[in-house]
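Data file: start.txt. Format and content: compact mmCIF, C-alpha atoms and all ligand atoms.
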```
# COMPACT_ATOMS: atom_id res chain seq x y z
CA MET S 1 -1.55 12.80 -22.04
CA PHE S 2 -1.68 11.28 -18.62
CA LEU S 3 -5.15 9.93 -19.17
CA PHE S 4 -4.35 8.73 -22.65
CA TRP S 5 -1.41 6.83 -21.24
CA ARG S 6 -3.62 5.20 -18.70
CA PHE S 7 -6.10 4.21 -21.37
CA ALA S 8 -3.36 2.77 -23.53
CA PHE S 9 -2.14 0.78 -20.60
CA VAL S 10 -5.57 -0.30 -19.57
CA SER S 11 -6.25 -1.97 -22.88
CA VAL S 12 -3.28 -4.20 -22.07
CA LEU S 13 -4.59 -4.66 -18.57
CA MET S 14 -8.03 -5.62 -19.81
CA ALA S 15 -6.56 -8.29 -21.98
CA MET S 16 -4.83 -9.73 -18.95
CA LEU S 17 -7.58 -9.47 -16.38
CA CYS S 18 -9.72 -12.53 -16.06
CA THR S 19 -11.50 -14.64 -13.55
CA CYS S 20 -9.41 -17.70 -14.01
CA ALA S 21 -10.04 -21.26 -12.91
CA ALA S 22 -9.80 -21.52 -9.19
CA PRO S 23 -6.76 -23.00 -7.50
CA PRO S 24 -7.26 -23.68 -3.79
CA VAL S 25 -6.56 -20.76 -1.47
CA SER S 26 -3.26 -21.43 0.26
CA THR S 27 -2.21 -20.59 3.77
CA PRO S 28 1.54 -20.04 3.57
CA THR S 29 3.45 -19.68 6.80
CA VAL S 30 5.70 -16.65 7.04
CA THR S 31 6.49 -14.48 10.07
CA ALA S 32 4.12 -11.62 10.83
CA VAL S 33 4.87 -8.14 9.50
CA PRO S 34 3.76 -5.32 11.81
CA THR S 35 1.84 -2.64 9.93
CA SER S 36 3.15 0.38 11.72
CA THR S 37 6.84 -0.16 10.97
CA PRO S 38 8.69 -0.26 7.66
CA SER S 39 8.63 -3.55 5.85
CA VAL S 40 10.76 -6.27 7.39
CA PRO S 41 13.14 -7.50 4.67
CA ASP S 42 12.04 -10.85 3.30
CA ALA S 43 12.93 -13.06 0.35
CA PHE S 44 10.70 -10.90 -1.87
CA THR S 45 11.83 -7.41 -0.82
CA ALA S 46 13.84 -6.77 -3.99
CA GLN S 47 10.94 -7.94 -6.18
CA ARG S 48 8.54 -5.71 -4.26
CA GLN S 49 10.80 -2.67 -4.65
CA ALA S 50 11.16 -3.37 -8.37
CA MET S 51 7.37 -3.72 -8.67
CA VAL S 52 6.88 -0.27 -7.14
CA ALA S 53 9.63 1.36 -9.18
CA MET S 54 8.75 -0.10 -12.57
CA GLN S 55 5.03 -0.82 -12.53
CA ILE S 56 3.75 1.94 -10.26
CA ARG S 57 6.05 4.95 -9.78
CA ALA S 58 7.22 4.83 -13.38
CA ARG S 59 3.63 5.05 -14.54
CA ASP S 60 1.71 7.80 -12.79
CA VAL S 61 1.22 7.01 -9.09
CA ARG S 62 3.11 9.62 -7.08
CA ASP S 63 1.58 9.73 -3.58
CA PRO S 64 4.53 8.80 -1.31
CA ASP S 65 2.27 7.18 1.29
CA VAL S 66 0.72 4.92 -1.34
CA LEU S 67 4.14 4.00 -2.73
CA ARG S 68 5.35 3.22 0.79
CA ALA S 69 2.31 1.04 1.47
CA MET S 70 2.92 -0.89 -1.75
CA GLU S 71 6.54 -1.37 -0.70
CA THR S 72 5.52 -2.51 2.76
CA VAL S 73 2.77 -5.09 2.26
CA PRO S 74 4.09 -8.59 1.43
CA ARG S 75 1.93 -9.32 -1.63
CA HIS S 76 3.34 -12.86 -1.87
CA GLU S 77 1.44 -13.68 1.34
CA PHE S 78 -1.86 -12.96 -0.42
CA VAL S 79 -1.49 -15.27 -3.44
CA PRO S 80 -1.86 -19.06 -3.61
CA LYS S 81 1.49 -20.69 -2.94
CA GLU S 82 1.66 -22.33 -6.36
CA LEU S 83 1.65 -18.79 -7.83
CA LEU S 84 4.29 -17.42 -5.45
CA ALA S 85 6.78 -16.82 -8.25
CA GLN S 86 4.25 -14.53 -9.97
CA ALA S 87 3.25 -12.57 -6.86
CA TYR S 88 4.96 -9.34 -7.99
CA ASN S 89 4.14 -9.62 -11.69
CA ASP S 90 2.29 -6.88 -13.53
CA HIS S 91 -1.07 -8.66 -13.69
CA PRO S 92 -3.89 -10.00 -11.49
CA LEU S 93 -3.79 -13.57 -10.18
CA PRO S 94 -6.49 -16.11 -9.34
CA ILE S 95 -7.21 -16.55 -5.62
CA GLY S 96 -9.85 -19.28 -5.85
CA TYR S 97 -13.65 -19.26 -6.14
CA GLY S 98 -13.37 -17.63 -9.58
CA GLN S 99 -11.97 -14.44 -8.00
CA THR S 100 -8.70 -12.52 -8.47
CA ILE S 101 -6.26 -10.37 -6.54
CA SER S 102 -6.00 -7.18 -8.61
CA GLN S 103 -2.94 -6.11 -10.56
CA PRO S 104 -0.57 -4.12 -8.27
CA TYR S 105 -0.84 -0.97 -10.42
CA ILE S 106 -4.65 -0.95 -10.18
CA VAL S 107 -4.49 -1.36 -6.39
CA ALA S 108 -2.10 1.62 -6.24
CA VAL S 109 -4.25 3.80 -8.53
CA MET S 110 -7.42 3.08 -6.57
CA THR S 111 -5.69 3.73 -3.25
CA GLU S 112 -4.27 7.03 -4.49
CA LEU S 113 -7.69 8.12 -5.76
CA ALA S 114 -9.25 7.35 -2.36
CA GLN S 115 -6.85 9.85 -0.70
CA VAL S 116 -6.75 7.97 2.58
CA LYS S 117 -5.02 9.69 5.45
CA ARG S 118 -4.41 8.64 9.05
CA GLY S 119 -7.59 8.83 11.11
CA ASP S 120 -9.84 8.12 8.12
CA ARG S 121 -12.49 5.44 8.34
CA VAL S 122 -12.42 3.36 5.18
CA LEU S 123 -14.79 0.74 3.75
CA GLU S 124 -13.73 -1.79 1.13
CA ILE S 125 -16.24 -3.90 -0.79
CA GLY S 126 -14.74 -7.18 -2.04
CA THR S 127 -12.14 -8.35 0.48
CA GLY S 128 -10.91 -11.21 -1.74
CA SER S 129 -7.40 -12.08 -0.54
CA GLY S 130 -7.26 -9.09 1.84
CA TYR S 131 -4.40 -7.42 -0.07
CA GLN S 132 -6.18 -4.13 -0.82
CA ALA S 133 -7.41 -4.03 2.79
CA ALA S 134 -3.81 -4.45 4.03
CA ILE S 135 -2.64 -1.57 1.81
CA LEU S 136 -5.40 0.61 3.26
CA ALA S 137 -4.45 -0.50 6.77
CA VAL S 138 -0.95 0.92 6.32
CA LEU S 139 -2.53 4.33 5.67
CA THR S 140 -5.14 4.41 8.44
CA ASP S 141 -6.20 2.46 11.50
CA GLU S 142 -9.85 2.02 10.62
CA VAL S 143 -10.51 -0.37 7.76
CA TYR S 144 -13.76 -2.30 7.29
CA SER S 145 -14.06 -4.82 4.47
CA VAL S 146 -17.06 -6.80 3.22
CA GLU S 147 -16.78 -10.05 1.25
CA ILE S 148 -19.71 -12.08 -0.10
CA ILE S 149 -17.96 -15.48 -0.36
CA PRO S 150 -17.81 -16.93 3.18
CA ALA S 151 -14.61 -18.95 2.63
CA LEU S 152 -12.76 -15.91 1.24
CA ALA S 153 -13.98 -13.70 4.08
CA GLU S 154 -12.73 -16.26 6.57
CA SER S 155 -9.34 -16.89 4.98
CA ALA S 156 -8.69 -13.16 4.42
CA ALA S 157 -9.56 -12.35 8.04
CA GLU S 158 -7.22 -15.08 9.25
CA ARG S 159 -4.42 -13.97 6.92
CA LEU S 160 -4.72 -10.29 7.87
CA LYS S 161 -4.60 -11.19 11.56
CA ARG S 162 -1.60 -13.50 11.12
CA LEU S 163 0.31 -10.79 9.22
CA GLY S 164 -0.35 -8.20 11.91
CA TYR S 165 -3.07 -6.15 10.15
CA THR S 166 -5.21 -6.44 13.24
CA SER S 167 -7.12 -3.20 12.69
CA VAL S 168 -8.94 -4.56 9.60
CA ARG S 169 -12.43 -5.85 10.30
CA VAL S 170 -13.89 -8.29 7.78
CA LYS S 171 -17.57 -9.18 7.42
CA ASN S 172 -19.21 -11.83 5.25
CA ALA S 173 -22.17 -10.10 3.60
CA ASP S 174 -23.45 -8.53 0.40
CA GLY S 175 -21.40 -5.34 0.12
CA TYR S 176 -24.07 -3.71 -2.05
CA ASN S 177 -25.53 -2.67 1.30
CA GLY S 178 -22.23 -1.31 2.61
CA TRP S 179 -21.58 -1.73 6.34
CA GLU S 180 -24.11 0.48 8.04
CA GLU S 181 -22.86 -0.07 11.58
CA TYR S 182 -19.64 1.94 11.15
CA ALA S 183 -20.89 4.51 8.60
CA PRO S 184 -20.22 7.21 7.56
CA TYR S 185 -16.90 6.58 5.83
CA ASP S 186 -14.23 9.01 4.64
CA ALA S 187 -13.48 6.70 1.73
CA ILE S 188 -15.05 3.65 0.09
CA VAL S 189 -13.05 1.43 -2.27
CA VAL S 190 -15.05 -1.09 -4.30
CA THR S 191 -13.07 -3.91 -5.92
CA CYS S 192 -15.90 -5.69 -7.75
CA ALA S 193 -18.06 -4.06 -10.41
CA PRO S 194 -21.78 -3.30 -10.04
CA ASP S 195 -23.75 -2.03 -13.06
CA HIS S 196 -24.73 1.09 -11.13
CA ILE S 197 -23.45 2.84 -8.02
CA PRO S 198 -25.23 1.25 -5.04
CA PRO S 199 -27.29 3.97 -3.30
CA PRO S 200 -26.44 2.56 0.18
CA LEU S 201 -22.75 3.26 -0.52
CA ILE S 202 -23.49 6.89 -1.40
CA ALA S 203 -25.58 7.15 1.76
CA GLN S 204 -22.71 5.79 3.88
CA LEU S 205 -20.15 8.24 2.48
CA LYS S 206 -19.25 11.23 4.66
CA ASP S 207 -19.72 14.75 3.42
CA GLY S 208 -16.45 15.28 1.54
CA GLY S 209 -15.92 11.52 1.29
CA ARG S 210 -14.45 9.78 -1.76
CA MET S 211 -15.59 6.56 -3.39
CA VAL S 212 -13.56 4.69 -6.01
CA ILE S 213 -15.67 2.18 -7.90
CA PRO S 214 -15.63 0.28 -11.20
CA VAL S 215 -19.06 0.48 -12.84
CA GLY S 216 -20.31 -1.45 -15.86
CA PRO S 217 -22.22 -4.46 -17.10
CA VAL S 218 -21.02 -8.01 -16.42
CA GLY S 219 -18.51 -8.96 -19.09
CA GLY S 220 -18.81 -5.50 -20.66
CA PHE S 221 -16.82 -2.31 -20.61
CA GLN S 222 -16.40 -0.90 -17.11
CA THR S 223 -15.28 2.54 -16.06
CA LEU S 224 -13.36 3.26 -12.90
CA ARG S 225 -15.18 6.18 -11.30
CA ARG S 226 -14.24 8.53 -8.52
CA VAL S 227 -17.26 9.84 -6.68
CA ILE S 228 -17.16 12.72 -4.22
CA LYS S 229 -20.04 13.61 -1.93
CA ARG S 230 -20.46 17.34 -1.18
CA GLY S 231 -23.57 18.06 0.84
CA ASP S 232 -26.50 17.04 -1.35
CA GLN S 233 -24.32 16.83 -4.42
CA VAL S 234 -22.63 13.72 -5.75
CA LEU S 235 -19.83 14.51 -8.18
CA SER S 236 -18.53 11.73 -10.38
CA GLU S 237 -15.45 11.62 -12.56
CA ASN S 238 -14.50 8.85 -15.02
CA VAL S 239 -10.89 7.80 -14.50
CA MET S 240 -10.20 4.95 -16.91
CA GLY S 241 -11.47 1.73 -18.43
CA VAL S 242 -11.03 -1.39 -16.29
CA LEU S 243 -12.22 -4.96 -16.01
CA PHE S 244 -13.17 -6.28 -12.58
CA VAL S 245 -15.10 -9.33 -11.46
CA PRO S 246 -18.79 -8.45 -11.09
CA LEU S 247 -20.42 -7.40 -7.84
CA VAL S 248 -22.87 -10.23 -7.26
CA ARG S 249 -25.97 -9.77 -5.14
CA GLY S 250 -26.66 -11.85 -2.06
CA LYS S 251 -29.96 -13.59 -1.50
N1 LIG X 301 -9.72 -6.59 -3.13
C1 LIG X 301 -9.37 -7.97 -3.39
C2 LIG X 301 -9.70 -8.42 -4.78
C3 LIG X 301 -11.13 -8.48 -5.01
S1 LIG X 301 -11.76 -9.54 -6.24
C4 LIG X 301 -7.93 -8.25 -3.08
O1 LIG X 301 -7.18 -7.32 -2.76
O2 LIG X 301 -7.55 -9.42 -3.15
C5 LIG X 301 -13.45 -9.06 -5.96
C6 LIG X 301 -14.06 -9.64 -4.71
O3 LIG X 301 -15.36 -9.09 -4.58
C7 LIG X 301 -14.23 -11.15 -4.75
O4 LIG X 301 -13.63 -11.73 -3.65
C8 LIG X 301 -15.74 -11.33 -4.73
O5 LIG X 301 -16.17 -12.48 -4.05
C9 LIG X 301 -16.18 -10.07 -4.03
N2 LIG X 301 -17.59 -9.69 -4.23
C10 LIG X 301 -18.35 -9.82 -5.33
N3 LIG X 301 -19.60 -9.35 -5.10
C11 LIG X 301 -19.62 -8.90 -3.81
C12 LIG X 301 -20.60 -8.31 -2.98
N4 LIG X 301 -21.86 -8.07 -3.40
N5 LIG X 301 -20.24 -7.97 -1.73
C13 LIG X 301 -19.00 -8.20 -1.25
N6 LIG X 301 -18.02 -8.78 -1.99
C14 LIG X 301 -18.32 -9.11 -3.26
```

The structure given in the file should be rewritten as structure tokens.
Amino acid sequence: MFLFWRFAFVSVLMAMLCTCAAPPVSTPTVTAVPTSTPSVPDAFTAQRQAMVAMQIRARDVRDPDVLRAMETVPRHEFVPKELLAQAYNDHPLPIGYGQTISQPYIVAVMTELAQVKRGDRVLEIGTGSGYQAAILAVLTDEVYSVEIIPALAESAAERLKRLGYTSVRVKNADGYNGWEEYAPYDAIVVTCAPDHIPPPLIAQLKDGGRMVIPVGPVGGFQTLRRVIKRGDQVLSENVMGVLFVPLVRGK
């Protein structure tokens, strides 16, 4: 039932997901929000609470830490300012360079599947706006994120710092190769879709580590997969159909 529901929903999601024309990335100015304390009320607090209640909890995300993170992170800070009014809507939004910030529900589902707990070391591939990295940073102090577009890597790093998510480290590189320096990771969250699971990411996963990754051909049907490494074994479970921007390879 649960899965069927997700699939039914995802067909709607897939219709909505797109890499839209690129508005310029904005740098809005709002006071910093410390990550370790509950969300400071802002003009969007009511919208954020409604987003969690209606789009996330009412569907099937139940992990209280994930729900709290989604209630805490000011999503409106991660979208271009001309799209501010849509920041808490139930769909992805363009962030420039042909890329998107994912739909809130998808961010919540992926975070829940990654089972991040305090003390975990987490790698994200596809920093984009930095929103998913900020959600992860509420759950643990060690977040590493790799972004292939230099301007996005730079603006996300600046934004995360300004908002107080100082524990997130961002690197401009091809995330297909992971981030060897800090490996192994307890969890890896990939927010762009390769057509196969990159072997370096499996190699950089801890024994017992979880990876959440959309896999599929460019422009084709993709499946969100949850991969668990147990010793020499790699177990993979299909979660649901999704549509992400492709993982592109660096030179
Ligand atoms: N997690 C982001 C949304 C990601 S959109 C957020 O919360 O806003 C997918 C991102 O993956 C884009 O920014 C895109 O540039 C990036 N990307 C694509 N291929 C990549 C690669 N090989 N390595 C790292 N990042 C990549």

Exercise. Find the residues around S:His196 up to 10 Å (all atoms listed in the file counted), leave out those fewer than 6 positions away in its own chain, and share them as a list of chain:residue names.
Key: S:Ile213, S:Pro214, S:Val215, S:Gly216, S:Pro217

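Residue nearest ligand LIG 301 (chain X), chosen from S:Leu224, S:Val242, S:Leu163, S:Ile148 and counting only C-alpha atoms and all ligand atoms: S:Ile148.
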
Emit as lines of an AutoDock Vina configuration file the padded axis-aligned box for all listed atoms of ligand LIG 301 (chain X), 5 Å per side, with centre and edge lengths in Å to one decimal.
```
center_x = -14.5
center_y = -9.5
center_z = -3.7
size_x = 24.7
size_y = 15.9
size_z = 15.0
```

Exercise. Can you tell me which residues come within 6 Å of ligand LIG 301 (chain X) when counting only C-alpha atoms and all ligand atoms, ideally as a list in words?
Key: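 Based on only C-alpha atoms and all ligand atoms, ligand LIG 301 (chain X) is surrounded within 6 Å by Gln99, Thr100, Ile101, Ser102, Ile125, Gly126, Thr127, Gly128, Ser129, Gly130, Tyr131, Gln132, Val146, Glu147, Ile148, Ile149, Asp174, Gly175, Tyr176, Thr191, Cys192, Val245, Pro246, Leu247, Val248 and Arg249 of chain S.
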
Self-check item: Best match for closeness to S:Ile135 among S:Val66, S:Ala183, S:Ile106, S:Leu113, counting only C-alpha atoms
Solution: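 Ranking S:Val66, S:Ala183, S:Ile106, S:Leu113 by distance to S:Ile135, first place goes to S:Val66.
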
Quiz item: Quick one: of S:Ala46, S:Leu84, S:Ile56, S:Val79, who's nearest to S:Val107, counting only C-alpha atoms?
Solution: S:Ile56

Quiz item: Between atom CA of S:Pro64 and atom CA of S:Ala134, what is the distance, to one decimal in Å?
Solution: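 These atoms are spaced 16.5 Å apart.
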
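Using all atoms listed in the file for every distance, the candidate list S:Ala151, S:Leu235, S:Ile228, S:Val218 yields S:Ile228 as the residue closest to S:Ile188.
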
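Our summary of the geometry notes that atom CA of S:Glu71 is positioned 9.4 Å from atom CA of S:Ala53.
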
Quiz prompt | Given only C-alpha atoms as the counted atoms, nearest of S:Ala173, S:Ala153, S:Tyr105, S:Tyr97 to S:Val52 | solution = S:Tyr105

Practice problem: For atom CA of S:Pro74 and atom CA of S:Thr166, determine how far apart the two atoms are, in Å to one decimal place. | Solution: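 So the answer is 15.2 Å.
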
Quiz item: Which residue, S:Arg210, S:Arg162, S:Arg68, S:Lys229, has the smallest gap to S:Val190 when you use all atoms listed in the file?
Solution: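 Smallest separation from S:Val190 among the options: S:Arg210.
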
Quiz item: Hey, what's within 12 Å of S:Val234 if we count only C-alpha atoms and toss same-chain stuff fewer than 5 positions away? As a PyMOL selection string, please?
Solution: chain S and resi 197+199+201-203+205-211+225-229

Same residues, C-alpha atoms, output as a PDB file, in the frame of the given file:
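Wrote out-v9.pdb, looks like this:
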```pdb
ATOM      1  CA  ILE S 197     -23.450   2.840  -8.020  1.00  0.00           C
ATOM      2  CA  PRO S 199     -27.290   3.970  -3.300  1.00  0.00           C
ATOM      3  CA  LEU S 201     -22.750   3.260  -0.520  1.00  0.00           C
ATOM      4  CA  ILE S 202     -23.490   6.890  -1.400  1.00  0.00           C
ATOM      5  CA  ALA S 203     -25.580   7.150   1.760  1.00  0.00           C
ATOM      6  CA  LEU S 205     -20.150   8.240   2.480  1.00  0.00           C
ATOM      7  CA  LYS S 206     -19.250  11.230   4.660  1.00  0.00           C
ATOM      8  CA  ASP S 207     -19.720  14.750   3.420  1.00  0.00           C
ATOM      9  CA  GLY S 208     -16.450  15.280   1.540  1.00  0.00           C
ATOM     10  CA  GLY S 209     -15.920  11.520   1.290  1.00  0.00           C
ATOM     11  CA  ARG S 210     -14.450   9.780  -1.760  1.00  0.00           C
ATOM     12  CA  MET S 211     -15.590   6.560  -3.390  1.00  0.00           C
ATOM     13  CA  ARG S 225     -15.180   6.180 -11.300  1.00  0.00           C
ATOM     14  CA  ARG S 226     -14.240   8.530  -8.520  1.00  0.00           C
ATOM     15  CA  VAL S 227     -17.260   9.840  -6.680  1.00  0.00           C
ATOM     16  CA  ILE S 228     -17.160  12.720  -4.220  1.00  0.00           C
ATOM     17  CA  LYS S 229     -20.040  13.610  -1.930  1.00  0.00           C
TER      18      LYS S 229
END
```

Quiz item: Which residues come within 7 Å of stretch 87-90 of chain S, counting all atoms listed in the file, excluding same-chain residues fewer than 5 positions away, as number ranges by chain?
Solution: S: 47-48, 51, 55, 75-76, 79, 103-104

Final N, CA and C atoms of stretch 57-85 of chain S as a PDB file, in the frame of the given file:
```
ATOM      1  N   ARG S  57       5.491   3.585  -9.759  1.00  0.00           N
ATOM      2  CA  ARG S  57       6.050   4.950  -9.780  1.00  0.00           C
ATOM      3  C   ARG S  57       6.343   5.382 -11.211  1.00  0.00           C
ATOM      4  N   ALA S  58       6.860   4.479 -12.002  1.00  0.00           N
ATOM      5  CA  ALA S  58       7.220   4.830 -13.380  1.00  0.00           C
ATOM      6  C   ALA S  58       5.999   5.134 -14.240  1.00  0.00           C
ATOM      7  N   ARG S  59       4.852   4.679 -13.822  1.00  0.00           N
ATOM      8  CA  ARG S  59       3.630   5.050 -14.540  1.00  0.00           C
ATOM      9  C   ARG S  59       3.209   6.400 -13.955  1.00  0.00           C
ATOM     10  N   ASP S  60       2.126   6.454 -13.194  1.00  0.00           N
ATOM     11  CA  ASP S  60       1.710   7.800 -12.790  1.00  0.00           C
ATOM     12  C   ASP S  60       1.272   7.895 -11.330  1.00  0.00           C
ATOM     13  N   VAL S  61       1.601   6.916 -10.514  1.00  0.00           N
ATOM     14  CA  VAL S  61       1.220   7.010  -9.090  1.00  0.00           C
ATOM     15  C   VAL S  61       2.353   7.701  -8.347  1.00  0.00           C
ATOM     16  N   ARG S  62       2.057   8.810  -7.701  1.00  0.00           N
ATOM     17  CA  ARG S  62       3.110   9.620  -7.080  1.00  0.00           C
ATOM     18  C   ARG S  62       2.955   9.800  -5.576  1.00  0.00           C
ATOM     19  N   ASP S  63       1.804   9.499  -5.012  1.00  0.00           N
ATOM     20  CA  ASP S  63       1.580   9.730  -3.580  1.00  0.00           C
ATOM     21  C   ASP S  63       2.581   8.886  -2.769  1.00  0.00           C
ATOM     22  N   PRO S  64       3.476   9.547  -2.016  1.00  0.00           N
ATOM     23  CA  PRO S  64       4.530   8.800  -1.310  1.00  0.00           C
ATOM     24  C   PRO S  64       3.983   7.799  -0.301  1.00  0.00           C
ATOM     25  N   ASP S  65       2.844   8.119   0.311  1.00  0.00           N
ATOM     26  CA  ASP S  65       2.270   7.180   1.290  1.00  0.00           C
ATOM     27  C   ASP S  65       1.769   5.912   0.596  1.00  0.00           C
ATOM     28  N   VAL S  66       1.198   6.089  -0.589  1.00  0.00           N
ATOM     29  CA  VAL S  66       0.720   4.920  -1.340  1.00  0.00           C
ATOM     30  C   VAL S  66       1.908   4.072  -1.795  1.00  0.00           C
ATOM     31  N   LEU S  67       2.945   4.733  -2.275  1.00  0.00           N
ATOM     32  CA  LEU S  67       4.140   4.000  -2.730  1.00  0.00           C
ATOM     33  C   LEU S  67       4.759   3.236  -1.551  1.00  0.00           C
ATOM     34  N   ARG S  68       4.792   3.869  -0.403  1.00  0.00           N
ATOM     35  CA  ARG S  68       5.350   3.220   0.790  1.00  0.00           C
ATOM     36  C   ARG S  68       4.507   2.006   1.178  1.00  0.00           C
ATOM     37  N   ALA S  69       3.195   2.172   1.126  1.00  0.00           N
ATOM     38  CA  ALA S  69       2.310   1.040   1.470  1.00  0.00           C
ATOM     39  C   ALA S  69       2.551  -0.132   0.513  1.00  0.00           C
ATOM     40  N   MET S  70       2.700   0.184  -0.763  1.00  0.00           N
ATOM     41  CA  MET S  70       2.920  -0.890  -1.750  1.00  0.00           C
ATOM     42  C   MET S  70       4.274  -1.554  -1.538  1.00  0.00           C
ATOM     43  N   GLU S  71       5.221  -0.797  -0.990  1.00  0.00           N
ATOM     44  CA  GLU S  71       6.540  -1.370  -0.700  1.00  0.00           C
ATOM     45  C   GLU S  71       6.533  -2.181   0.595  1.00  0.00           C
ATOM     46  N   THR S  72       5.562  -1.895   1.437  1.00  0.00           N
ATOM     47  CA  THR S  72       5.520  -2.510   2.760  1.00  0.00           C
ATOM     48  C   THR S  72       4.772  -3.842   2.793  1.00  0.00           C
ATOM     49  N   VAL S  73       3.633  -3.901   2.121  1.00  0.00           N
ATOM     50  CA  VAL S  73       2.770  -5.090   2.260  1.00  0.00           C
ATOM     51  C   VAL S  73       3.318  -6.269   1.447  1.00  0.00           C
ATOM     52  N   PRO S  74       3.530  -7.412   2.111  1.00  0.00           N
ATOM     53  CA  PRO S  74       4.090  -8.590   1.430  1.00  0.00           C
ATOM     54  C   PRO S  74       3.053  -9.270   0.539  1.00  0.00           C
ATOM     55  N   ARG S  75       2.953  -8.805  -0.701  1.00  0.00           N
ATOM     56  CA  ARG S  75       1.930  -9.320  -1.630  1.00  0.00           C
ATOM     57  C   ARG S  75       2.004 -10.844  -1.792  1.00  0.00           C
ATOM     58  N   HIS S  76       3.209 -11.401  -1.676  1.00  0.00           N
ATOM     59  CA  HIS S  76       3.340 -12.860  -1.870  1.00  0.00           C
ATOM     60  C   HIS S  76       2.552 -13.647  -0.819  1.00  0.00           C
ATOM     61  N   GLU S  77       2.233 -13.008   0.294  1.00  0.00           N
ATOM     62  CA  GLU S  77       1.440 -13.680   1.340  1.00  0.00           C
ATOM     63  C   GLU S  77      -0.039 -13.777   0.964  1.00  0.00           C
ATOM     64  N   PHE S  78      -0.443 -13.045  -0.072  1.00  0.00           N
ATOM     65  CA  PHE S  78      -1.860 -12.960  -0.420  1.00  0.00           C
ATOM     66  C   PHE S  78      -2.207 -13.774  -1.670  1.00  0.00           C
ATOM     67  N   VAL S  79      -1.216 -14.470  -2.228  1.00  0.00           N
ATOM     68  CA  VAL S  79      -1.490 -15.270  -3.440  1.00  0.00           C
ATOM     69  C   VAL S  79      -1.338 -16.755  -3.096  1.00  0.00           C
ATOM     70  N   PRO S  80      -2.013 -17.622  -3.853  1.00  0.00           N
ATOM     71  CA  PRO S  80      -1.860 -19.060  -3.610  1.00  0.00           C
ATOM     72  C   PRO S  80      -0.390 -19.468  -3.767  1.00  0.00           C
ATOM     73  N   LYS S  81       0.047 -20.437  -2.961  1.00  0.00           N
ATOM     74  CA  LYS S  81       1.490 -20.690  -2.940  1.00  0.00           C
ATOM     75  C   LYS S  81       2.025 -21.241  -4.264  1.00  0.00           C
ATOM     76  N   GLU S  82       1.186 -21.864  -5.047  1.00  0.00           N
ATOM     77  CA  GLU S  82       1.660 -22.330  -6.360  1.00  0.00           C
ATOM     78  C   GLU S  82       1.890 -21.171  -7.339  1.00  0.00           C
ATOM     79  N   LEU S  83       1.444 -19.964  -6.958  1.00  0.00           N
ATOM     80  CA  LEU S  83       1.650 -18.790  -7.830  1.00  0.00           C
ATOM     81  C   LEU S  83       2.651 -17.808  -7.212  1.00  0.00           C
ATOM     82  N   LEU S  84       3.361 -18.277  -6.189  1.00  0.00           N
ATOM     83  CA  LEU S  84       4.290 -17.420  -5.450  1.00  0.00           C
ATOM     84  C   LEU S  84       5.278 -16.697  -6.374  1.00  0.00           C
ATOM     85  N   ALA S  85       5.772 -17.401  -7.356  1.00  0.00           N
ATOM     86  CA  ALA S  85       6.780 -16.820  -8.250  1.00  0.00           C
ATOM     87  C   ALA S  85       6.211 -15.662  -9.074  1.00  0.00           C
TER      88      ALA S  85
END
```
